[in-house]
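Peer 1: My questions will all concern the structure given below.
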Amino acid sequence: MAVDLEALRLEVADAWDKAEHAVKLGEQVNGQVVNPAIYELRYAGRRLIEGYRLEKTGDIDGCADMLRDAHMNCLRARHDAIDAATSKITVHLDLAVQKLGAPRVLTCFPSWGETYAHLADVREKIAVSRGSRNERAVIYATIEAADLPKIIKLYSEFKAMEPSLIKDAKLGRWSAAGGWLVATGLAVAGIVQQYLP
Amino acid sequence: MTFLSIINWLTLEDYSEAKRDAARRIIAKQSRGNIVAQDGEVMLAEELQKLSRKADDSIRRLKDVTAGVR
């Protein structure tokens, strides 16, 4: 059976567009964490070049293999970008709650509940996709189209609030440290007064 | 507790460092075969699996922590 290189190329082009869109969304979260997805696109580009060379030498099957590999790289790029973006947001919010204090975060960031609900939903979908290869593409398409833009918008709101949260948390830590110093000083003074004639 | 860790705690540098570390771990996790991006971290399948579930654990922890506050 003859291999339809044109159809394969169109598949790669479609997957590339989707991956690039996911990378652009991920870049709004953090420019660094989408790097692995960009590497995958680079590998896809390499496969396309190799495929072109093989086609020129008359190796049509070899070219088709390269196009299939490129398609797989594009799929990985899309999934990696979405996974990295949602992982980054989740871990960042978790750290904020741990380090800045849950009451402070919940008070300053009123959309917390909404953000959490969306994130939990997306992480659940990603968990389902791990065990369901057939539905993976549909699941990631849904996340990219419906969930991710909302989460990124809410995350941007959180990041806008973060400097004031940090300032407030710093004040809290300095006050606590001051309190400990005063308490220690008083304790030392008490002991000295007790034992000195 | 070292003097430096106290300073880091007071200046919230521990928070910034934890964020940087989290980003680095996410990149290392997903950089299949890219030695530079992995920064020497060549992960076995088991370790990758563990890391990929870290965000899920964070979600669960967030729920537990914030449930007590609201």
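Following the order of the structure tokens, first chain is A, next is B, and so on, with residues numbered from 1 inside each chain and ligands from 1 in the order they appear.
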Quick check: residues of chain A within 6 Å of chain B, only C-alpha atoms, returned as number ranges by chain.

Peer 2: A: 33, 36, 87, 94, 173

Peer 1: Deliver the residues from the most recent selection as a file, using N, CA and C atoms, as a CSV table (one decimal), in the first residue's frame.

Peer 2:
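Saved the output as selection31.csv:
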chain,number,residue,atom,x,y,z
A,33,VAL,N,9.3,26.8,32.3
A,33,VAL,CA,8.8,25.4,32.4
A,33,VAL,C,8.3,24.9,31.1
A,36,PRO,N,10.9,22.2,27.9
A,36,PRO,CA,10.8,20.9,27.4
A,36,PRO,C,9.9,20.7,26.2
A,87,SER,N,1.1,22.2,36.4
A,87,SER,CA,2.0,21.8,37.6
A,87,SER,C,2.6,23.0,38.3
A,94,ASP,N,0.5,26.0,46.2
A,94,ASP,CA,0.8,25.2,47.4
A,94,ASP,C,1.9,25.9,48.2
A,173,ARG,N,6.7,37.8,59.7
A,173,ARG,CA,7.9,37.1,60.2
A,173,ARG,C,8.8,37.9,61.1

Peer 1: To one decimal place, how far is CA of Tyr116 (chain A) from CA of Asn134 (chain A) in Å?

Peer 2: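 Rounded to one decimal, the two atoms are 27.5 Å apart.
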
Peer 1: Can you tell me, as JSON, numbers by chain, what residues are no more than 12 Å from Ile7 (chain B) when counting only C-alpha atoms, ignoring any on the same chain fewer than 6 positions away?

Peer 2: {"A": [170, 173, 174, 177], "B": [1, 13, 14]}

Peer 1: How many Å separate CA of Ser175 (chain A) from CA of Phe109 (chain A)?

Peer 2: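 The value is 22.6 Å.
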
Peer 1: Mind checking which residues fall within 6 Å of region 4-12 of chain A, counting only C-alpha atoms, ignoring those fewer than 3 positions away in the same chain, and posting them as an mmCIF file with N, CA, C and O atoms, in the first residue's frame?

Peer 2:
data_model
loop_
_atom_site.group_PDB
_atom_site.id
_atom_site.type_symbol
_atom_site.label_atom_id
_atom_site.label_comp_id
_atom_site.auth_asym_id
_atom_site.auth_seq_id
_atom_site.Cartn_x
_atom_site.Cartn_y
_atom_site.Cartn_z
ATOM 1 N N ALA A 15 -0.937 19.072 14.248
ATOM 2 C CA ALA A 15 -0.410 18.816 15.606
ATOM 3 C C ALA A 15 0.559 19.915 16.022
ATOM 4 O O ALA A 15 0.589 20.328 17.193
ATOM 5 N N TRP A 16 1.356 20.415 15.065
ATOM 6 C CA TRP A 16 2.311 21.491 15.356
ATOM 7 C C TRP A 16 1.576 22.754 15.801
ATOM 8 O O TRP A 16 1.955 23.400 16.785
ATOM 9 N N HIS A 71 5.106 13.804 14.285
ATOM 10 C CA HIS A 71 3.738 13.938 14.809
ATOM 11 C C HIS A 71 3.717 13.617 16.308
ATOM 12 O O HIS A 71 3.115 14.347 17.106
#

Peer 1: Rounded to one decimal place, report the CA of Ala22 (chain A)-CA of Ile139 (chain A) distance in Å.

Peer 2: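 These atoms are spaced 13.4 Å apart.
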
Peer 1: Write out as a ChimeraX atom specification each polymer residue whose atoms come within 12 Å of region 41-44 of chain A, counting only C-alpha atoms; drop sequence neighbours fewer than 2 positions from it.

Peer 2: /A:9,12-13,15-23,34-39,46-51,65-81 /B:31-34

Peer 1: Give one line per residue of region 63-131 of chain A that approaches region 154-169 of chain A to at most 9 Å, naming the two atoms of the closest pair and their distance in Å to one decimal, counting only C-alpha atoms; sort by chain then ascending residue number and deliver it as CSV.

Peer 2:
residue,atom,partner,partner_atom,distance
A:Ile89,CA,A:Tyr155,CA,7.1
A:Leu93,CA,A:Phe158,CA,8.8
A:Ala96,CA,A:Glu162,CA,8.7
A:Lys99,CA,A:Ala169,CA,8.4
A:Leu100,CA,A:Ala169,CA,5.5
A:Gly101,CA,A:Ala169,CA,7.7
A:Arg104,CA,A:Leu165,CA,7.2
A:Val105,CA,A:Leu165,CA,7.1
A:Cys108,CA,A:Met161,CA,7.1
A:Phe109,CA,A:Phe158,CA,6.3
A:Ser111,CA,A:Leu154,CA,7.1
A:Trp112,CA,A:Leu154,CA,8.4
A:Glu114,CA,A:Leu154,CA,8.3
A:Thr115,CA,A:Leu154,CA,6.2
